[in-house]
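Just below is one structure, and these are the notes that go with it.
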Amino acid sequence: MSRLLIIGCGGVASVAIHKCCQNSAVFDDIVIASRTKSKCDALKEKLEGTTATKISTARVDADNVDELVALIEGYRPDAVLNLALPYQDLTVMDACLKTGAHYIDTANYEPEDTDDPAWRAVYEKRCREAGFTAYFDYSWQWAYQEKFKEAGIMALLGTGFDPGVTSVFSAYALKHYFDEIHTIDILDCNGGDHGYPFATNFNPEINLREVSANGSYWENGHWVETKPMEIKRVYNFPQVGEKDMYLLHHEEIESLAKNIPGVKRIRFFMTFGQSYLTHMKCLENVGMLSTSPVMFNGQEIVPIQFLKALLPDPASLGPRTVGKTNIGCIFTGVKDGKEKTVYIYNVCDHQECYREVGSQAVSYTTGVPAMIGAMMVVTGAWKGAGVFNVEEFDPDPYMEALNRWGLPWVVDENPQTVE
Ligand code: NDP
């Protein structure tokens, strides 16, 4: 029995909340708190009567530590599941530190204003020293390690699908299939079709920033950076078929490079269709992906936020999206002196997700592991004081929970590899 405070009520949070309500034996009491309280109330209304979980709602501005502290002190949750945006990670962590609640999220910190001079100075130093230019990295949250340790509480970072399940797949492969892992290729394929000329499957701001940035991968102890979409491969995904995929920078590369001993290369590929890429390039060329404010008719607007207002709400794609996702990792390495290759993946059907929880598979594949990560923390299956990435814990209970809660996985010991 536990009390969970969930911050945010968007696409991912909606799935995680459905799953907490299916799992009332663990989550008997939850609060949904977000910027727009009406969304929390609508979800509460939908779920009440279908679950034994007690649901309350609240309004909170998660950029404001004092508001968060008041909310946590009023409710006294065992843990806070942060499913707002990466912009709020540090304020929610600060509030957890002040109140002694465990912290859980699905994406690492990224600033909303990348022109902020104080942030930019740290960022530019990191670009020079670490060798990758993504706006997000783990340094900000790993810096809380001692504070969380002293407070005797846990921060569990990155329990979505990627990062999250892909990181747990890595720990599982190391535990059960390899003495040493040499390479990891993370392949994220969305074979779904929503019928719009252009839409993003999750928060457009976060998604478009990620995709329009330089790619990078980890090789022999350092980062190798590429131009956006410079490296393309074609892969025949089980249950989806052949797709173009492109190398991107992705946050779990950073933590896996630290936590998987002896790993020589880690790459991340995501599938994109030509139409998506053409739209994105055009929007980028005209300045619509910019996060810097511009004046328009006497009012300050941020181009990418304006674009977000024009694009379909990712939460509305559920009923229209058909097809499947396939996300997983191909590992090479050695076991008992012999070289081997193992592919662990999950296939998820957009329409089945919609029928179950009213969301498409991209939100589903993130929301389910968010619930599972919270379950690992509140049940004590994963214990520790400090800041942790999911691959640092025993993967077995998490892997069992994936099978039980809607994301069954497959192990293929003779897969196609990526050149
Ligand atoms: P949405 O934009 O759909 O939802 C974000 C929610 O956060 C909204 O309810 C929004 O409120 C709320 N919010 C935003 N700012 C604040 C604030 N200052 N105070 C309180 N609430 C706030 O995003 P998604 O659900 O798609 O994504 C949620 C998280 O999941 C993101 O961090 C994203 O990066 C991560 N993610 C992780 C993945 C993984 O595999 N690891 C994959 C996909 C996403 P409002 O309704 O008012 O806008």
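Every chain in the structure tokens has a letter given in the order shown (A, B, ...), and although residue numbers restart at 1 in each chain, ligands are simply numbered from 1 in the order shown.
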Residue list (alpha helix (DSSP H), DSSP) for region 83-167 of chain A, as a PyMOL selection string: chain A and resi 89-99+117-130+139-142+145-151+165-167
Gly131 (chain A) surroundings by only C-alpha atoms, 12 Å radius, close-in-sequence under 4 positions cut, as a ChimeraX atom specification: /A:123-127,137,214-219,221-226,249,254
Go ahead and save the residues from that selection, with N, CA and C atoms, as a PDB file, in the first residue's frame.
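What follows is the written file selection38.pdb:
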```pdb
ATOM      1  N   TYR A 123      26.862  24.825 -19.962  1.00  0.00           N
ATOM      2  CA  TYR A 123      26.638  24.002 -21.154  1.00  0.00           C
ATOM      3  C   TYR A 123      27.856  24.049 -22.084  1.00  0.00           C
ATOM      4  N   GLU A 124      28.367  25.236 -22.322  1.00  0.00           N
ATOM      5  CA  GLU A 124      29.482  25.358 -23.271  1.00  0.00           C
ATOM      6  C   GLU A 124      30.746  24.666 -22.746  1.00  0.00           C
ATOM      7  N   LYS A 125      30.924  24.744 -21.438  1.00  0.00           N
ATOM      8  CA  LYS A 125      32.071  24.049 -20.814  1.00  0.00           C
ATOM      9  C   LYS A 125      31.890  22.530 -21.013  1.00  0.00           C
ATOM     10  N   ARG A 126      30.679  22.049 -20.779  1.00  0.00           N
ATOM     11  CA  ARG A 126      30.413  20.604 -20.930  1.00  0.00           C
ATOM     12  C   ARG A 126      30.600  20.155 -22.387  1.00  0.00           C
ATOM     13  N   CYS A 127      30.148  20.987 -23.348  1.00  0.00           N
ATOM     14  CA  CYS A 127      30.333  20.644 -24.769  1.00  0.00           C
ATOM     15  C   CYS A 127      31.821  20.455 -25.070  1.00  0.00           C
ATOM     16  N   ASP A 137      21.624  16.638 -20.428  1.00  0.00           N
ATOM     17  CA  ASP A 137      22.632  15.673 -19.986  1.00  0.00           C
ATOM     18  C   ASP A 137      22.363  15.370 -18.524  1.00  0.00           C
ATOM     19  N   ASN A 214      22.270  17.634 -33.302  1.00  0.00           N
ATOM     20  CA  ASN A 214      23.333  16.753 -33.784  1.00  0.00           C
ATOM     21  C   ASN A 214      23.144  15.354 -33.205  1.00  0.00           C
ATOM     22  N   GLY A 215      23.567  14.336 -33.962  1.00  0.00           N
ATOM     23  CA  GLY A 215      23.594  12.982 -33.417  1.00  0.00           C
ATOM     24  C   GLY A 215      24.915  12.758 -32.692  1.00  0.00           C
ATOM     25  N   SER A 216      24.979  11.714 -31.879  1.00  0.00           N
ATOM     26  CA  SER A 216      26.282  11.322 -31.347  1.00  0.00           C
ATOM     27  C   SER A 216      26.216   9.911 -30.818  1.00  0.00           C
ATOM     28  N   TYR A 217      27.363   9.271 -30.754  1.00  0.00           N
ATOM     29  CA  TYR A 217      27.433   7.930 -30.168  1.00  0.00           C
ATOM     30  C   TYR A 217      28.704   7.816 -29.352  1.00  0.00           C
ATOM     31  N   TRP A 218      28.734   6.770 -28.550  1.00  0.00           N
ATOM     32  CA  TRP A 218      29.853   6.548 -27.635  1.00  0.00           C
ATOM     33  C   TRP A 218      30.748   5.471 -28.231  1.00  0.00           C
ATOM     34  N   GLU A 219      32.052   5.767 -28.371  1.00  0.00           N
ATOM     35  CA  GLU A 219      32.944   4.753 -28.923  1.00  0.00           C
ATOM     36  C   GLU A 219      34.312   4.865 -28.258  1.00  0.00           C
ATOM     37  N   GLY A 221      35.418   5.013 -25.276  1.00  0.00           N
ATOM     38  CA  GLY A 221      35.639   5.939 -24.167  1.00  0.00           C
ATOM     39  C   GLY A 221      35.385   7.406 -24.455  1.00  0.00           C
ATOM     40  N   HIS A 222      34.888   7.716 -25.669  1.00  0.00           N
ATOM     41  CA  HIS A 222      34.554   9.129 -25.906  1.00  0.00           C
ATOM     42  C   HIS A 222      33.370   9.271 -26.875  1.00  0.00           C
ATOM     43  N   TRP A 223      32.840  10.488 -26.937  1.00  0.00           N
ATOM     44  CA  TRP A 223      31.698  10.772 -27.816  1.00  0.00           C
ATOM     45  C   TRP A 223      32.176  11.071 -29.231  1.00  0.00           C
ATOM     46  N   VAL A 224      31.425  10.588 -30.212  1.00  0.00           N
ATOM     47  CA  VAL A 224      31.657  10.947 -31.608  1.00  0.00           C
ATOM     48  C   VAL A 224      30.387  11.666 -32.063  1.00  0.00           C
ATOM     49  N   GLU A 225      30.531  12.909 -32.489  1.00  0.00           N
ATOM     50  CA  GLU A 225      29.329  13.672 -32.854  1.00  0.00           C
ATOM     51  C   GLU A 225      29.127  13.676 -34.371  1.00  0.00           C
ATOM     52  N   THR A 226      27.868  13.639 -34.788  1.00  0.00           N
ATOM     53  CA  THR A 226      27.522  13.647 -36.221  1.00  0.00           C
ATOM     54  C   THR A 226      26.569  14.810 -36.485  1.00  0.00           C
ATOM     55  N   HIS A 249      21.536  11.425 -30.880  1.00  0.00           N
ATOM     56  CA  HIS A 249      22.049  11.413 -29.503  1.00  0.00           C
ATOM     57  C   HIS A 249      20.877  10.993 -28.623  1.00  0.00           C
ATOM     58  N   GLU A 254      24.618   8.046 -22.244  1.00  0.00           N
ATOM     59  CA  GLU A 254      25.508   8.631 -21.242  1.00  0.00           C
ATOM     60  C   GLU A 254      25.569   7.770 -19.973  1.00  0.00           C
TER      61      GLU A 254
END
```
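With only C-alpha atoms and all ligand atoms as the basis for measurement, A:Tyr87 is the residue among A:Trp142, A:Tyr276, A:Tyr87, A:Trp409 that approaches ligand 1 most closely.
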Residue contacts of Thr321 (chain A) (12 Å, only C-alpha atoms) excluding same-chain residues fewer than 4 positions away, as a VMD selection string: chain A and resid 190 to 196 199 to 201 314 to 317 325 349 to 355 358 to 362
Output C-alpha atoms of each residue in that selection to a file, as a PDB file, in the first residue's frame.
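Written out: part-v8.pdb:
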```
ATOM      1  CA  ASN A 190       7.486   3.541 -34.631  1.00  0.00           C
ATOM      2  CA  GLY A 191       5.672   1.801 -37.476  1.00  0.00           C
ATOM      3  CA  GLY A 192       2.449   3.657 -36.616  1.00  0.00           C
ATOM      4  CA  ASP A 193       0.468   5.870 -38.990  1.00  0.00           C
ATOM      5  CA  HIS A 194      -1.812   8.641 -37.615  1.00  0.00           C
ATOM      6  CA  GLY A 195      -2.934   9.898 -41.019  1.00  0.00           C
ATOM      7  CA  TYR A 196      -1.820  13.535 -40.476  1.00  0.00           C
ATOM      8  CA  ALA A 199       2.416  15.460 -35.995  1.00  0.00           C
ATOM      9  CA  THR A 200       4.684  14.425 -33.144  1.00  0.00           C
ATOM     10  CA  ASN A 201       3.933  11.421 -30.964  1.00  0.00           C
ATOM     11  CA  PRO A 314      -0.203  14.059 -29.129  1.00  0.00           C
ATOM     12  CA  ALA A 315      -2.904  12.846 -26.724  1.00  0.00           C
ATOM     13  CA  SER A 316      -5.447  13.086 -29.581  1.00  0.00           C
ATOM     14  CA  LEU A 317      -3.530  10.724 -31.902  1.00  0.00           C
ATOM     15  CA  THR A 325       6.123   0.089 -32.315  1.00  0.00           C
ATOM     16  CA  ASP A 349       0.221  -2.259 -31.011  1.00  0.00           C
ATOM     17  CA  HIS A 350      -1.178   1.298 -31.166  1.00  0.00           C
ATOM     18  CA  GLN A 351      -4.821   0.231 -31.389  1.00  0.00           C
ATOM     19  CA  GLU A 352      -4.558  -2.295 -28.546  1.00  0.00           C
ATOM     20  CA  CYS A 353      -3.113   0.450 -26.327  1.00  0.00           C
ATOM     21  CA  TYR A 354      -5.932   2.752 -27.332  1.00  0.00           C
ATOM     22  CA  ARG A 355      -8.568   0.165 -26.496  1.00  0.00           C
ATOM     23  CA  GLY A 358      -7.217   5.531 -24.540  1.00  0.00           C
ATOM     24  CA  SER A 359      -3.653   6.380 -25.681  1.00  0.00           C
ATOM     25  CA  GLN A 360      -1.346   5.437 -28.553  1.00  0.00           C
ATOM     26  CA  ALA A 361       1.698   3.215 -28.101  1.00  0.00           C
ATOM     27  CA  VAL A 362       4.311   5.974 -27.707  1.00  0.00           C
TER      28      VAL A 362
END
```
Counting only C-alpha atoms and all ligand atoms, the residue of A:Ala107, A:Cys20, A:Ala25, A:Val418 that sits nearest ligand 1: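 With only C-alpha atoms and all ligand atoms as the atom set, the closest residue is A:Ala107.
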Would you tabulate, counting only C-alpha atoms and all ligand atoms, all residues of chain A that have an atom at most 7 Å from an atom of ligand 1, showing the closest pair of atoms and their distance in Å to one decimal, sorted by chain then ascending number, as a Markdown table?
```
| residue | atom | partner | partner_atom_place_in_ligand_line | distance |
| --- | --- | --- | --- | --- |
| A:Ile7 | CA | ligand 1 | 21 (N) | 6.2 |
| A:Gly8 | CA | ligand 1 | 7 (O) | 3.8 |
| A:Cys9 | CA | ligand 1 | 9 (O) | 3.5 |
| A:Gly10 | CA | ligand 1 | 4 (O) | 3.3 |
| A:Gly11 | CA | ligand 1 | 25 (O) | 3.8 |
| A:Val12 | CA | ligand 1 | 25 (O) | 3.7 |
| A:Ala13 | CA | ligand 1 | 25 (O) | 5.6 |
| A:Ser34 | CA | ligand 1 | 21 (N) | 4.0 |
| A:Arg35 | CA | ligand 1 | 20 (C) | 3.9 |
| A:Thr36 | CA | ligand 1 | 47 (O) | 4.2 |
| A:Lys39 | CA | ligand 1 | 46 (O) | 6.6 |
| A:Val60 | CA | ligand 1 | 20 (C) | 5.3 |
| A:Asp61 | CA | ligand 1 | 19 (N) | 3.7 |
| A:Ala62 | CA | ligand 1 | 19 (N) | 3.6 |
| A:Asp63 | CA | ligand 1 | 18 (N) | 4.7 |
| A:Leu83 | CA | ligand 1 | 29 (C) | 4.8 |
| A:Ala84 | CA | ligand 1 | 7 (O) | 3.3 |
| A:Leu85 | CA | ligand 1 | 32 (O) | 3.7 |
| A:Pro86 | CA | ligand 1 | 32 (O) | 4.5 |
| A:Gln88 | CA | ligand 1 | 18 (N) | 6.4 |
| A:Thr106 | CA | ligand 1 | 41 (N) | 4.5 |
| A:Ala107 | CA | ligand 1 | 32 (O) | 5.0 |
| A:Gly158 | CA | ligand 1 | 41 (N) | 5.8 |
| A:Thr159 | CA | ligand 1 | 41 (N) | 6.1 |
| A:Gly160 | CA | ligand 1 | 41 (N) | 3.6 |
| A:Phe161 | CA | ligand 1 | 40 (O) | 3.8 |
| A:Asp162 | CA | ligand 1 | 40 (O) | 3.9 |
| A:Pro163 | CA | ligand 1 | 41 (N) | 4.5 |
| A:Gly164 | CA | ligand 1 | 41 (N) | 5.9 |
| A:Phe202 | CA | ligand 1 | 26 (O) | 4.0 |
| A:Asn203 | CA | ligand 1 | 26 (O) | 4.3 |
| A:Ile206 | CA | ligand 1 | 34 (O) | 6.0 |
| A:Pro314 | CA | ligand 1 | 3 (O) | 6.6 |
| A:Ala315 | CA | ligand 1 | 3 (O) | 6.5 |
| A:Val362 | CA | ligand 1 | 43 (C) | 6.7 |
| A:Ser363 | CA | ligand 1 | 43 (C) | 6.4 |
| A:Thr366 | CA | ligand 1 | 40 (O) | 4.8 |
```
Hey, what's within 9 Å of Cys40 (chain A) if we count only C-alpha atoms and toss same-chain stuff fewer than 6 positions away? As a short mmCIF file (atom, residue, chain, number, x, y, z; two decimals) with N, CA and C atoms, in the first residue's frame, please?
```cif
data_model
loop_
_atom_site.label_atom_id
_atom_site.label_comp_id
_atom_site.auth_asym_id
_atom_site.auth_seq_id
_atom_site.Cartn_x
_atom_site.Cartn_y
_atom_site.Cartn_z
N GLY A 8 2.03 16.32 -13.49
CA GLY A 8 1.79 16.32 -14.94
C GLY A 8 0.58 15.46 -15.24
N CYS A 9 -0.14 15.85 -16.30
CA CYS A 9 -1.31 15.06 -16.68
C CYS A 9 -1.43 15.05 -18.21
N SER A 14 -1.10 10.18 -18.31
CA SER A 14 -2.42 9.55 -18.40
C SER A 14 -2.28 8.02 -18.39
N ILE A 32 -3.11 13.40 -8.52
CA ILE A 32 -2.67 13.88 -9.83
C ILE A 32 -2.61 15.40 -9.74
N ALA A 33 -1.42 15.96 -9.93
CA ALA A 33 -1.28 17.42 -9.81
C ALA A 33 -0.60 17.97 -11.05
N SER A 34 -1.20 18.96 -11.66
CA SER A 34 -0.61 19.52 -12.87
C SER A 34 -0.97 21.00 -12.99
N SER A 56 -7.08 11.80 -5.91
CA SER A 56 -7.36 13.22 -5.64
C SER A 56 -6.63 14.03 -6.71
N THR A 57 -6.99 15.29 -6.84
CA THR A 57 -6.34 16.15 -7.84
C THR A 57 -5.93 17.47 -7.20
N ALA A 58 -4.98 18.13 -7.83
CA ALA A 58 -4.53 19.43 -7.34
C ALA A 58 -3.94 20.22 -8.49
N ARG A 59 -3.90 21.54 -8.33
CA ARG A 59 -3.20 22.38 -9.29
C ARG A 59 -1.82 22.68 -8.74
#
```
Pick from A:Asn220, A:Ser2, A:Thr114, A:Ser139, whichever lies nearest to Val80 (chain A) using only C-alpha atoms: A:Ser2
Region 281-292 of chain A environment, 12 Å, only C-alpha atoms, sequence neighbours closer than 2 positions dropped, as number ranges by chain: A: 111-116, 135, 198, 204-213, 228-229, 274-279, 294-295, 300-311
Would you mind exporting the chosen residues as a CSV table (one decimal), in the first residue's frame, restricted to N, CA and C atoms?
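Saved result, part_17.csv, follows:
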```
chain,number,residue,atom,x,y,z
A,111,PRO,N,17.0,22.7,-19.9
A,111,PRO,CA,16.4,24.0,-19.5
A,111,PRO,C,15.4,24.4,-20.5
A,112,GLU,N,14.4,25.2,-20.1
A,112,GLU,CA,13.4,25.7,-21.0
A,112,GLU,C,14.0,26.8,-21.8
A,113,ASP,N,14.8,27.7,-21.2
A,113,ASP,CA,15.4,28.8,-21.9
A,113,ASP,C,16.9,28.5,-22.1
A,114,THR,N,17.2,28.1,-23.3
A,114,THR,CA,18.6,27.7,-23.6
A,114,THR,C,19.5,29.0,-23.9
A,115,ASP,N,18.9,30.1,-23.8
A,115,ASP,CA,19.7,31.4,-24.0
A,115,ASP,C,20.1,31.9,-22.6
A,116,ASP,N,19.6,31.3,-21.5
A,116,ASP,CA,20.0,31.8,-20.2
A,116,ASP,C,21.5,31.7,-20.0
A,135,TYR,N,21.3,19.5,-25.6
A,135,TYR,CA,21.0,20.5,-24.5
A,135,TYR,C,20.8,19.7,-23.2
A,198,PHE,N,1.7,15.9,-40.7
A,198,PHE,CA,2.8,16.0,-39.7
A,198,PHE,C,2.3,16.2,-38.3
A,204,PRO,N,5.7,18.1,-28.6
A,204,PRO,CA,6.4,18.5,-29.8
A,204,PRO,C,7.7,19.3,-29.5
A,205,GLU,N,7.7,20.1,-28.4
A,205,GLU,CA,8.9,20.8,-28.1
A,205,GLU,C,10.0,19.9,-27.8
A,206,ILE,N,9.8,18.9,-27.0
A,206,ILE,CA,10.9,18.0,-26.6
A,206,ILE,C,11.3,17.1,-27.8
A,207,ASN,N,10.3,16.7,-28.5
A,207,ASN,CA,10.5,15.8,-29.7
A,207,ASN,C,11.3,16.5,-30.8
A,208,LEU,N,10.9,17.7,-31.1
A,208,LEU,CA,11.5,18.4,-32.3
A,208,LEU,C,12.9,18.8,-31.9
A,209,ARG,N,13.1,19.2,-30.7
A,209,ARG,CA,14.5,19.6,-30.2
A,209,ARG,C,15.4,18.4,-30.4
A,210,GLU,N,14.9,17.2,-29.9
A,210,GLU,CA,15.7,16.0,-29.9
A,210,GLU,C,16.2,15.7,-31.3
A,211,VAL,N,15.2,15.7,-32.2
A,211,VAL,CA,15.4,15.2,-33.6
A,211,VAL,C,16.2,16.2,-34.5
A,212,SER,N,16.1,17.5,-34.2
A,212,SER,CA,16.8,18.4,-35.0
A,212,SER,C,18.3,18.7,-34.5
A,213,ALA,N,18.6,18.0,-33.4
A,213,ALA,CA,20.0,18.3,-32.9
A,213,ALA,C,21.0,17.4,-33.5
A,228,PRO,N,22.9,16.3,-37.8
A,228,PRO,CA,21.6,15.7,-37.6
A,228,PRO,C,21.3,14.8,-38.8
A,229,MET,N,20.8,13.6,-38.5
A,229,MET,CA,20.4,12.6,-39.6
A,229,MET,C,21.5,12.2,-40.5
A,274,GLN,N,10.2,9.8,-44.7
A,274,GLN,CA,10.7,10.9,-45.5
A,274,GLN,C,9.8,12.2,-45.3
A,275,SER,N,8.5,12.0,-45.2
A,275,SER,CA,7.6,13.1,-45.1
A,275,SER,C,7.8,13.9,-43.7
A,276,TYR,N,8.0,13.1,-42.7
A,276,TYR,CA,8.3,13.7,-41.4
A,276,TYR,C,9.6,14.6,-41.4
A,277,LEU,N,10.6,14.0,-42.1
A,277,LEU,CA,11.9,14.7,-42.1
A,277,LEU,C,11.8,16.0,-43.0
A,278,THR,N,11.1,15.9,-44.1
A,278,THR,CA,10.9,17.1,-45.0
A,278,THR,C,10.2,18.2,-44.2
A,279,HIS,N,9.1,17.8,-43.5
A,279,HIS,CA,8.4,18.8,-42.8
A,279,HIS,C,9.3,19.5,-41.7
A,294,VAL,N,10.3,35.8,-29.9
A,294,VAL,CA,10.3,36.9,-30.9
A,294,VAL,C,9.0,37.8,-30.6
A,295,MET,N,9.1,39.0,-31.0
A,295,MET,CA,7.9,39.9,-30.9
A,295,MET,C,7.0,39.7,-32.1
A,300,GLU,N,5.2,38.9,-27.1
A,300,GLU,CA,6.3,38.0,-27.2
A,300,GLU,C,5.8,36.6,-27.4
A,301,ILE,N,6.3,35.9,-28.4
A,301,ILE,CA,6.0,34.5,-28.6
A,301,ILE,C,7.3,33.7,-28.8
A,302,VAL,N,7.2,32.4,-28.4
A,302,VAL,CA,8.3,31.5,-28.6
A,302,VAL,C,7.9,30.6,-29.8
A,303,PRO,N,8.6,30.7,-30.9
A,303,PRO,CA,8.2,30.0,-32.1
A,303,PRO,C,7.8,28.5,-31.9
A,304,ILE,N,8.6,27.7,-31.2
A,304,ILE,CA,8.3,26.3,-31.1
A,304,ILE,C,7.0,26.1,-30.2
A,305,GLN,N,6.8,27.1,-29.3
A,305,GLN,CA,5.5,26.9,-28.5
A,305,GLN,C,4.3,27.3,-29.3
A,306,PHE,N,4.5,28.2,-30.2
A,306,PHE,CA,3.4,28.6,-31.2
A,306,PHE,C,3.1,27.4,-32.1
A,307,LEU,N,4.2,26.8,-32.6
A,307,LEU,CA,4.1,25.6,-33.4
A,307,LEU,C,3.3,24.5,-32.7
A,308,LYS,N,3.6,24.3,-31.4
A,308,LYS,CA,3.0,23.3,-30.6
A,308,LYS,C,1.4,23.5,-30.6
A,309,ALA,N,1.1,24.8,-30.5
A,309,ALA,CA,-0.3,25.1,-30.5
A,309,ALA,C,-1.0,24.8,-31.8
A,310,LEU,N,-0.3,24.8,-32.9
A,310,LEU,CA,-0.9,24.5,-34.2
A,310,LEU,C,-0.9,23.0,-34.5
A,311,LEU,N,0.0,22.2,-33.9
A,311,LEU,CA,0.1,20.8,-34.2
A,311,LEU,C,-1.0,20.0,-33.4
```
